[in-house]
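S.K.: Okay, here's the structure, questions in a sec.
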Amino acid sequence: MTSAATPLSVARDARGVVTLTLNDPARFNALGSEMLTALQQALDAVAHDDSARVVVLAAEGKAFCAGHNLKDMAAHPELAWYQQLFSQCSRMMLSIHKLPVPVIARVQGMATAAGCQLVAQCDLAFASDNASFATSGIHYGLFCATPSVPLVRNVPAKRAMEMLLTGDFIDAPTALAQGLVNRVVAPDALDAEVEKLVQSIVQKPRAAIAMGKALVYQQRELGLDAAYQLAGQTMAANMMDGAAQEGARAFAEKRAPAWKV
């Protein structure tokens with residue numbers, strides 16, 4: 001749907017599965033302004049598409065994403081320029097968070113700094129066993145502050161702090177053990193594993209998934225009492241949805257639900 005010269009390729013199948021492919025391998029799919037703009041436009045389009053079901057975030061080349069382009073950053077030693085860049089990136093990351101459909105990172109290679117942030121920000125992440133991850137800004141005098149936001153919400157605090165303070169890479173099995181990714185597979189099995197996950201998701205009611213995704217992230221920031229109150233309200237609202245009503249009837253009648261997903 002887009003040419004190879006564009007920084008982001010967008011594809012959509014009949015099921016409503018949208019695949020966004022970072023397509024700037026020569027620059028390791030860095031998150032420059034052009035790439036961030038393309039991602040924002042694509043995510044905004046999904047947010048307004050009621051038939052979209054899943055987003056798969058993939059990449060071309062050896063790297064998944066190397067984060068921000070330090071050469072560009074060095075060429076613009078201006079506070080306003082830096083503030084605009086990080087604001088643009090944070091808006092895009094929050095769009096992933098707020099999207100009513102799950103976003104799956106398909107990580108085939110290196111993910112560093114804001115690229116590691118991108119993996120952590122996605123709802124789910126599958127990685128090839130030769131992928132690697134780092135919040136490497138500290139090597140260049142820049143603490144990965146914005147990448148730390150989703151990182152500490154995925155990885156135990158001391159593990160996250162070690163990554164942030166050292167900038168050292170962790171391999172895919174370590175990322176799996178620490179909770180940064182859901183699954184690690186051989187490179188030639190990555191697409192098949194992602195497809196299994198996609199197929200499972202698209203078989204479920206969209207409304208329930210949308211409510212559930214929003215609830216999981218909202219309740220995480222609340223105290224226990226408030227979290228339970230919000231979760232109860234969400235479940236009650238979910239039960240009023242036609243798909244949940246059909247699911248309950250199907251359970252009682254011992255048959256498969258006949259819902260329109």
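Labeling convention for the structure tokens: chains A, B, ... as they appear, residues from 1 per chain, ligands from 1 in order of appearance.
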Residues within 12 Å of Ala243 in chain A, please, as a PDB file with N, CA and C atoms, in the first residue's frame. Count only C-alpha atoms; anything in the same chain fewer than 2 positions from it doesn't count.

M.R.:
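Okay, selection14.pdb is ready:
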ATOM      1  N   GLN A 203     -10.683 -13.956  16.873  1.00  0.00           N
ATOM      2  CA  GLN A 203     -11.844 -14.807  17.143  1.00  0.00           C
ATOM      3  C   GLN A 203     -12.656 -14.320  18.342  1.00  0.00           C
ATOM      4  N   LYS A 204     -12.116 -13.333  19.070  1.00  0.00           N
ATOM      5  CA  LYS A 204     -12.792 -12.820  20.261  1.00  0.00           C
ATOM      6  C   LYS A 204     -13.552 -11.531  19.932  1.00  0.00           C
ATOM      7  N   PRO A 205     -14.601 -11.196  20.704  1.00  0.00           N
ATOM      8  CA  PRO A 205     -15.367  -9.972  20.439  1.00  0.00           C
ATOM      9  C   PRO A 205     -14.512  -8.715  20.606  1.00  0.00           C
ATOM     10  N   ARG A 206     -14.597  -7.838  19.634  1.00  0.00           N
ATOM     11  CA  ARG A 206     -13.787  -6.617  19.646  1.00  0.00           C
ATOM     12  C   ARG A 206     -14.109  -5.744  20.853  1.00  0.00           C
ATOM     13  N   ALA A 207     -15.392  -5.626  21.180  1.00  0.00           N
ATOM     14  CA  ALA A 207     -15.780  -4.744  22.284  1.00  0.00           C
ATOM     15  C   ALA A 207     -15.183  -5.207  23.605  1.00  0.00           C
ATOM     16  N   ALA A 208     -15.182  -6.510  23.843  1.00  0.00           N
ATOM     17  CA  ALA A 208     -14.626  -7.030  25.095  1.00  0.00           C
ATOM     18  C   ALA A 208     -13.125  -6.776  25.162  1.00  0.00           C
ATOM     19  N   ILE A 209     -12.441  -6.947  24.046  1.00  0.00           N
ATOM     20  CA  ILE A 209     -11.000  -6.698  24.021  1.00  0.00           C
ATOM     21  C   ILE A 209     -10.703  -5.229  24.258  1.00  0.00           C
ATOM     22  N   ALA A 237     -20.464  -3.306  32.544  1.00  0.00           N
ATOM     23  CA  ALA A 237     -20.689  -2.716  31.223  1.00  0.00           C
ATOM     24  C   ALA A 237     -20.447  -3.740  30.122  1.00  0.00           C
ATOM     25  N   ASN A 238     -19.419  -4.555  30.292  1.00  0.00           N
ATOM     26  CA  ASN A 238     -19.101  -5.597  29.319  1.00  0.00           C
ATOM     27  C   ASN A 238     -20.253  -6.592  29.198  1.00  0.00           C
ATOM     28  N   MET A 239     -20.856  -6.956  30.336  1.00  0.00           N
ATOM     29  CA  MET A 239     -21.966  -7.920  30.305  1.00  0.00           C
ATOM     30  C   MET A 239     -23.199  -7.382  29.589  1.00  0.00           C
ATOM     31  N   MET A 240     -23.331  -6.069  29.486  1.00  0.00           N
ATOM     32  CA  MET A 240     -24.450  -5.484  28.769  1.00  0.00           C
ATOM     33  C   MET A 240     -24.244  -5.520  27.253  1.00  0.00           C
ATOM     34  N   ASP A 241     -23.024  -5.843  26.831  1.00  0.00           N
ATOM     35  CA  ASP A 241     -22.738  -5.931  25.396  1.00  0.00           C
ATOM     36  C   ASP A 241     -23.363  -7.202  24.827  1.00  0.00           C
ATOM     37  N   GLN A 245     -23.647 -11.227  26.246  1.00  0.00           N
ATOM     38  CA  GLN A 245     -24.943 -11.859  26.462  1.00  0.00           C
ATOM     39  C   GLN A 245     -25.045 -13.168  25.681  1.00  0.00           C
ATOM     40  N   GLU A 246     -24.594 -13.136  24.439  1.00  0.00           N
ATOM     41  CA  GLU A 246     -24.599 -14.361  23.627  1.00  0.00           C
ATOM     42  C   GLU A 246     -23.649 -15.396  24.211  1.00  0.00           C
ATOM     43  N   GLY A 247     -22.489 -14.959  24.691  1.00  0.00           N
ATOM     44  CA  GLY A 247     -21.553 -15.889  25.305  1.00  0.00           C
ATOM     45  C   GLY A 247     -22.132 -16.578  26.527  1.00  0.00           C
ATOM     46  N   ALA A 248     -22.842 -15.817  27.353  1.00  0.00           N
ATOM     47  CA  ALA A 248     -23.461 -16.399  28.549  1.00  0.00           C
ATOM     48  C   ALA A 248     -24.558 -17.398  28.170  1.00  0.00           C
ATOM     49  N   ARG A 249     -25.367 -17.033  27.166  1.00  0.00           N
ATOM     50  CA  ARG A 249     -26.411 -17.964  26.719  1.00  0.00           C
ATOM     51  C   ARG A 249     -25.798 -19.240  26.153  1.00  0.00           C
ATOM     52  N   ALA A 250     -24.727 -19.079  25.377  1.00  0.00           N
ATOM     53  CA  ALA A 250     -24.069 -20.240  24.784  1.00  0.00           C
ATOM     54  C   ALA A 250     -23.506 -21.160  25.856  1.00  0.00           C
ATOM     55  N   PRO A 257     -20.456 -20.026  21.089  1.00  0.00           N
ATOM     56  CA  PRO A 257     -21.099 -18.721  20.874  1.00  0.00           C
ATOM     57  C   PRO A 257     -21.218 -18.420  19.386  1.00  0.00           C
ATOM     58  N   ALA A 258     -22.326 -17.836  19.001  1.00  0.00           N
ATOM     59  CA  ALA A 258     -22.537 -17.418  17.613  1.00  0.00           C
ATOM     60  C   ALA A 258     -22.503 -15.908  17.549  1.00  0.00           C
ATOM     61  N   TRP A 259     -21.341 -15.343  17.888  1.00  0.00           N
ATOM     62  CA  TRP A 259     -21.248 -13.885  17.896  1.00  0.00           C
ATOM     63  C   TRP A 259     -20.548 -13.370  16.640  1.00  0.00           C
ATOM     64  N   LYS A 260     -20.820 -12.100  16.396  1.00  0.00           N
ATOM     65  CA  LYS A 260     -20.151 -11.403  15.296  1.00  0.00           C
ATOM     66  C   LYS A 260     -18.969 -10.676  15.894  1.00  0.00           C
ATOM     67  N   VAL A 261     -17.763 -11.207  15.652  1.00  0.00           N
ATOM     68  CA  VAL A 261     -16.578 -10.679  16.300  1.00  0.00           C
ATOM     69  C   VAL A 261     -16.137  -9.373  15.684  1.00  0.00           C
TER      70      VAL A 261
END

S.K.: Find the spatial neighbours of range 215-217 of chain A, counting only C-alpha atoms, within a cut-off of 8 Å - ignore same-chain residues fewer than 5 positions away - and output them as a list in words.

M.R.: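 Near range 215-217 of chain A, the qualifying residues are Leu230, Ala231 and Thr234 of chain A.
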
S.K.: Limited to all heavy atoms, could you put the picked residues into a file as a JSON list (two decimals), in the first residue's frame?

M.R.:
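Listed below is the output, selection15.json:
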[["chain", "number", "residue", "atom", "x", "y", "z"],
["A", 230, "LEU", "N", -13.26, 0.02, 39.61],
["A", 230, "LEU", "CA", -13.24, 0.23, 38.17],
["A", 230, "LEU", "C", -13.42, -1.09, 37.42],
["A", 230, "LEU", "O", -14.15, -1.15, 36.42],
["A", 230, "LEU", "CB", -11.92, 0.89, 37.76],
["A", 230, "LEU", "CG", -11.74, 1.17, 36.27],
["A", 230, "LEU", "CD1", -12.82, 2.11, 35.75],
["A", 230, "LEU", "CD2", -10.35, 1.75, 36.00],
["A", 231, "ALA", "N", -12.78, -2.15, 37.90],
["A", 231, "ALA", "CA", -12.89, -3.45, 37.24],
["A", 231, "ALA", "C", -14.33, -3.97, 37.30],
["A", 231, "ALA", "O", -14.85, -4.51, 36.32],
["A", 231, "ALA", "CB", -11.94, -4.45, 37.88],
["A", 234, "THR", "N", -16.40, -2.09, 34.83],
["A", 234, "THR", "CA", -16.08, -2.52, 33.47],
["A", 234, "THR", "C", -16.74, -3.85, 33.14],
["A", 234, "THR", "O", -17.30, -4.04, 32.05],
["A", 234, "THR", "CB", -14.55, -2.64, 33.29],
["A", 234, "THR", "OG1", -13.95, -1.36, 33.53],
["A", 234, "THR", "CG2", -14.20, -3.11, 31.89]]

S.K.: Identify which of the residues A:Ala114, A:Ala47, A:Cys89, A:Met211 lies closest to Gly67 in chain A, counting only C-alpha atoms when measuring atom-to-atom distances.

M.R.: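 Answer, going by the shortest atom-to-atom distance: A:Ala114.
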
S.K.: Near His139 in chain A, counting only C-alpha atoms, which residues have an atom at most 9 Å away, once you skip same-chain residues fewer than 5 positions from it, shown as a list in words?

M.R.: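 Once the nearby chain positions are removed, what remains is Thr166, Gly167 and Asp168 of chain A.
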
S.K.: Enumerate the residues of range 85-256 of chain A with a DSSP assignment of helix (DSSP H, G or I), computed from the backbone, and present them as number ranges by chain.

M.R.: A: 85-98, 114-121, 136-140, 145-151, 157-166, 172-178, 187-202, 206-220, 224-239, 242-252

S.K.: By how many Å are CA of Val54 in chain A and CA of Leu151 in chain A apart?

M.R.: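 The value is 22.2 Å.
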
S.K.: Env of range 37-43 of chain A: 12 Å cut, atoms = only C-alpha atoms, seq-sep filter 3 positions within chain, self excluded. Answer as number ranges by chain.

M.R.: A: 1-2, 6-12, 18-24, 29-34, 46-49, 52, 54-58, 85, 87-103, 118

S.K.: Tell me which protein, DNA and RNA residues are within 8 Å of range 171-177 of chain A, counting only C-alpha atoms, leaving out same-chain ones fewer than 2 positions away, and put them as a VMD selection string.

M.R.: chain A and resid 127 to 133 169 179 to 184

S.K.: May I have the selected residues written with N, CA, C and O atoms, as a PDB file, in the first residue's frame?

M.R.:
ATOM      1  N   ALA A 127       9.568 -12.194  19.817  1.00  0.00           N
ATOM      2  CA  ALA A 127      10.906 -11.888  19.328  1.00  0.00           C
ATOM      3  C   ALA A 127      11.576 -13.127  18.770  1.00  0.00           C
ATOM      4  O   ALA A 127      11.341 -14.247  19.244  1.00  0.00           O
ATOM      5  N   SER A 128      12.423 -12.924  17.783  1.00  0.00           N
ATOM      6  CA  SER A 128      13.273 -14.009  17.311  1.00  0.00           C
ATOM      7  C   SER A 128      14.397 -14.210  18.317  1.00  0.00           C
ATOM      8  O   SER A 128      14.752 -13.287  19.071  1.00  0.00           O
ATOM      9  N   ASP A 129      14.967 -15.393  18.323  1.00  0.00           N
ATOM     10  CA  ASP A 129      15.967 -15.687  19.355  1.00  0.00           C
ATOM     11  C   ASP A 129      17.294 -14.970  19.135  1.00  0.00           C
ATOM     12  O   ASP A 129      18.175 -15.025  20.001  1.00  0.00           O
ATOM     13  N   ASN A 130      17.429 -14.271  18.004  1.00  0.00           N
ATOM     14  CA  ASN A 130      18.640 -13.473  17.796  1.00  0.00           C
ATOM     15  C   ASN A 130      18.387 -11.979  18.002  1.00  0.00           C
ATOM     16  O   ASN A 130      19.253 -11.158  17.715  1.00  0.00           O
ATOM     17  N   ALA A 131      17.216 -11.616  18.508  1.00  0.00           N
ATOM     18  CA  ALA A 131      16.930 -10.219  18.829  1.00  0.00           C
ATOM     19  C   ALA A 131      17.690  -9.814  20.095  1.00  0.00           C
ATOM     20  O   ALA A 131      18.073 -10.661  20.914  1.00  0.00           O
ATOM     21  N   SER A 132      17.891  -8.513  20.252  1.00  0.00           N
ATOM     22  CA  SER A 132      18.564  -8.003  21.447  1.00  0.00           C
ATOM     23  C   SER A 132      17.967  -6.648  21.801  1.00  0.00           C
ATOM     24  O   SER A 132      17.392  -5.958  20.959  1.00  0.00           O
ATOM     25  N   PHE A 133      18.143  -6.272  23.074  1.00  0.00           N
ATOM     26  CA  PHE A 133      17.438  -5.109  23.610  1.00  0.00           C
ATOM     27  C   PHE A 133      18.376  -4.314  24.516  1.00  0.00           C
ATOM     28  O   PHE A 133      19.140  -4.894  25.285  1.00  0.00           O
ATOM     29  N   PHE A 169      23.294  -4.527  26.427  1.00  0.00           N
ATOM     30  CA  PHE A 169      22.287  -5.335  25.760  1.00  0.00           C
ATOM     31  C   PHE A 169      21.891  -6.540  26.617  1.00  0.00           C
ATOM     32  O   PHE A 169      22.711  -7.095  27.359  1.00  0.00           O
ATOM     33  N   GLY A 179      10.277 -10.399  31.314  1.00  0.00           N
ATOM     34  CA  GLY A 179       8.934  -9.931  31.024  1.00  0.00           C
ATOM     35  C   GLY A 179       8.823  -8.871  29.955  1.00  0.00           C
ATOM     36  O   GLY A 179       7.739  -8.322  29.739  1.00  0.00           O
ATOM     37  N   LEU A 180       9.915  -8.582  29.252  1.00  0.00           N
ATOM     38  CA  LEU A 180       9.865  -7.572  28.201  1.00  0.00           C
ATOM     39  C   LEU A 180       9.165  -8.095  26.953  1.00  0.00           C
ATOM     40  O   LEU A 180       8.528  -7.329  26.229  1.00  0.00           O
ATOM     41  N   VAL A 181       9.278  -9.394  26.695  1.00  0.00           N
ATOM     42  CA  VAL A 181       8.597 -10.019  25.566  1.00  0.00           C
ATOM     43  C   VAL A 181       7.811 -11.226  26.049  1.00  0.00           C
ATOM     44  O   VAL A 181       8.096 -11.786  27.105  1.00  0.00           O
ATOM     45  N   ASN A 182       6.812 -11.612  25.242  1.00  0.00           N
ATOM     46  CA  ASN A 182       5.959 -12.745  25.599  1.00  0.00           C
ATOM     47  C   ASN A 182       6.536 -14.078  25.196  1.00  0.00           C
ATOM     48  O   ASN A 182       6.334 -15.090  25.879  1.00  0.00           O
ATOM     49  N   ARG A 183       7.213 -14.092  24.044  1.00  0.00           N
ATOM     50  CA  ARG A 183       7.668 -15.362  23.499  1.00  0.00           C
ATOM     51  C   ARG A 183       8.898 -15.140  22.646  1.00  0.00           C
ATOM     52  O   ARG A 183       9.042 -14.096  21.999  1.00  0.00           O
ATOM     53  N   VAL A 184       9.788 -16.137  22.627  1.00  0.00           N
ATOM     54  CA  VAL A 184      10.998 -16.112  21.807  1.00  0.00           C
ATOM     55  C   VAL A 184      11.017 -17.375  20.963  1.00  0.00           C
ATOM     56  O   VAL A 184      10.848 -18.481  21.502  1.00  0.00           O
TER      57      VAL A 184
END

S.K.: Among range 41-258 of chain A, which ones does DSSP place in strand (DSSP E), written as a ChimeraX atom specification?

M.R.: /A:54-59,63-65,103-107,110-112,124-128,132-134,170-171,183-185

S.K.: Do you have the CA of Val17 in chain A-CA of Leu197 in chain A distance handy?

M.R.: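 Separation between CA of Val17 in chain A and CA of Leu197 in chain A: 11.5 Å.
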
S.K.: With only C-alpha atoms as the counted atoms, please give the residues lying no more than 12 Å from Val152 in chain A, apart from itself and same-chain residues fewer than 2 positions off, as an mmCIF file with N, CA, C and O atoms, in the first residue's frame.

M.R.:
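Final output, saved to selection-v3.cif:
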data_model
loop_
_atom_site.group_PDB
_atom_site.id
_atom_site.type_symbol
_atom_site.label_atom_id
_atom_site.label_comp_id
_atom_site.auth_asym_id
_atom_site.auth_seq_id
_atom_site.Cartn_x
_atom_site.Cartn_y
_atom_site.Cartn_z
ATOM 1 N N CYS A 116 13.653 0.124 22.020
ATOM 2 C CA CYS A 116 13.294 -0.754 23.141
ATOM 3 C C CYS A 116 12.029 -0.235 23.811
ATOM 4 O O CYS A 116 11.159 -1.018 24.218
ATOM 5 N N GLN A 117 11.900 1.090 23.907
ATOM 6 C CA GLN A 117 10.678 1.705 24.419
ATOM 7 C C GLN A 117 9.475 1.277 23.587
ATOM 8 O O GLN A 117 8.406 0.979 24.124
ATOM 9 N N ALA A 120 8.459 -2.186 24.527
ATOM 10 C CA ALA A 120 7.838 -2.198 25.851
ATOM 11 C C ALA A 120 6.450 -1.577 25.822
ATOM 12 O O ALA A 120 5.561 -1.990 26.583
ATOM 13 N N GLN A 121 6.242 -0.590 24.942
ATOM 14 C CA GLN A 121 4.955 0.087 24.896
ATOM 15 C C GLN A 121 3.872 -0.767 24.241
ATOM 16 O O GLN A 121 2.682 -0.611 24.536
ATOM 17 N N THR A 135 18.665 -0.125 26.546
ATOM 18 C CA THR A 135 18.387 1.303 26.685
ATOM 19 C C THR A 135 19.751 1.981 26.744
ATOM 20 O O THR A 135 20.280 2.275 27.807
ATOM 21 N N CYS A 144 18.058 7.256 29.283
ATOM 22 C CA CYS A 144 16.851 6.936 28.511
ATOM 23 C C CYS A 144 15.611 7.166 29.371
ATOM 24 O O CYS A 144 14.950 6.219 29.823
ATOM 25 N N ALA A 145 15.278 8.427 29.577
ATOM 26 C CA ALA A 145 14.182 8.787 30.478
ATOM 27 C C ALA A 145 12.830 8.353 29.931
ATOM 28 O O ALA A 145 12.042 7.694 30.636
ATOM 29 N N THR A 146 12.519 8.728 28.690
ATOM 30 C CA THR A 146 11.218 8.330 28.156
ATOM 31 C C THR A 146 11.124 6.818 27.940
ATOM 32 O O THR A 146 10.065 6.236 28.235
ATOM 33 N N PRO A 147 12.166 6.134 27.480
ATOM 34 C CA PRO A 147 12.066 4.668 27.429
ATOM 35 C C PRO A 147 11.842 4.019 28.791
ATOM 36 O O PRO A 147 11.273 2.931 28.874
ATOM 37 N N SER A 148 12.269 4.703 29.856
ATOM 38 C CA SER A 148 12.086 4.115 31.189
ATOM 39 C C SER A 148 10.611 3.991 31.569
ATOM 40 O O SER A 148 10.246 3.146 32.386
ATOM 41 N N VAL A 149 9.754 4.810 30.968
ATOM 42 C CA VAL A 149 8.340 4.828 31.374
ATOM 43 C C VAL A 149 7.663 3.482 31.116
ATOM 44 O O VAL A 149 7.141 2.856 32.044
ATOM 45 N N PRO A 150 7.671 2.966 29.864
ATOM 46 C CA PRO A 150 7.084 1.635 29.687
ATOM 47 C C PRO A 150 7.983 0.512 30.190
ATOM 48 O O PRO A 150 7.485 -0.554 30.561
ATOM 49 N N ASN A 154 6.994 -2.977 32.593
ATOM 50 C CA ASN A 154 7.100 -4.320 32.031
ATOM 51 C C ASN A 154 8.105 -5.187 32.768
ATOM 52 O O ASN A 154 7.895 -6.386 32.942
ATOM 53 N N VAL A 155 9.195 -4.576 33.198
ATOM 54 C CA VAL A 155 10.343 -5.291 33.760
ATOM 55 C C VAL A 155 10.468 -4.923 35.234
ATOM 56 O O VAL A 155 10.224 -3.767 35.605
ATOM 57 N N PRO A 156 10.829 -5.877 36.117
ATOM 58 C CA PRO A 156 11.042 -5.533 37.520
ATOM 59 C C PRO A 156 11.995 -4.354 37.678
ATOM 60 O O PRO A 156 12.931 -4.184 36.889
ATOM 61 N N ALA A 157 11.749 -3.529 38.686
ATOM 62 C CA ALA A 157 12.434 -2.252 38.826
ATOM 63 C C ALA A 157 13.958 -2.369 38.799
ATOM 64 O O ALA A 157 14.646 -1.588 38.139
ATOM 65 N N LYS A 158 14.518 -3.339 39.521
ATOM 66 C CA LYS A 158 15.966 -3.446 39.572
ATOM 67 C C LYS A 158 16.540 -3.909 38.233
ATOM 68 O O LYS A 158 17.637 -3.500 37.828
ATOM 69 N N ARG A 159 15.805 -4.758 37.514
ATOM 70 C CA ARG A 159 16.248 -5.167 36.179
ATOM 71 C C ARG A 159 16.201 -3.977 35.225
ATOM 72 O O ARG A 159 17.113 -3.760 34.416
ATOM 73 N N ALA A 160 15.115 -3.201 35.316
ATOM 74 C CA ALA A 160 15.006 -2.016 34.471
ATOM 75 C C ALA A 160 16.118 -1.019 34.779
ATOM 76 O O ALA A 160 16.739 -0.458 33.868
ATOM 77 N N MET A 161 16.391 -0.806 36.059
ATOM 78 C CA MET A 161 17.427 0.144 36.434
ATOM 79 C C MET A 161 18.795 -0.299 35.927
ATOM 80 O O MET A 161 19.610 0.522 35.486
ATOM 81 N N GLU A 162 19.060 -1.586 35.968
ATOM 82 C CA GLU A 162 20.326 -2.089 35.438
ATOM 83 C C GLU A 162 20.454 -1.788 33.954
ATOM 84 O O GLU A 162 21.511 -1.351 33.479
ATOM 85 N N MET A 163 19.381 -2.018 33.191
ATOM 86 C CA MET A 163 19.412 -1.705 31.765
ATOM 87 C C MET A 163 19.636 -0.214 31.535
ATOM 88 O O MET A 163 20.432 0.199 30.682
ATOM 89 N N LEU A 164 18.948 0.621 32.329
ATOM 90 C CA LEU A 164 19.027 2.065 32.134
ATOM 91 C C LEU A 164 20.378 2.641 32.535
ATOM 92 O O LEU A 164 20.885 3.569 31.899
ATOM 93 N N GLN A 178 12.610 -11.693 31.853
ATOM 94 C CA GLN A 178 12.345 -10.468 32.604
ATOM 95 C C GLN A 178 10.987 -9.841 32.272
ATOM 96 O O GLN A 178 10.598 -8.849 32.890
ATOM 97 N N GLY A 179 10.277 -10.399 31.314
ATOM 98 C CA GLY A 179 8.934 -9.931 31.024
ATOM 99 C C GLY A 179 8.823 -8.871 29.955
ATOM 100 O O GLY A 179 7.739 -8.322 29.739
ATOM 101 N N LEU A 180 9.915 -8.582 29.252
ATOM 102 C CA LEU A 180 9.865 -7.572 28.201
ATOM 103 C C LEU A 180 9.165 -8.095 26.953
ATOM 104 O O LEU A 180 8.528 -7.329 26.229
#

S.K.: Expressed in Å to a single decimal, how great is the separation between CA of Ala66 in chain A and CA of Gly141 in chain A?

M.R.: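 Taking CA of Ala66 in chain A as the start and CA of Gly141 in chain A as the end point, the length is 16.4 Å.
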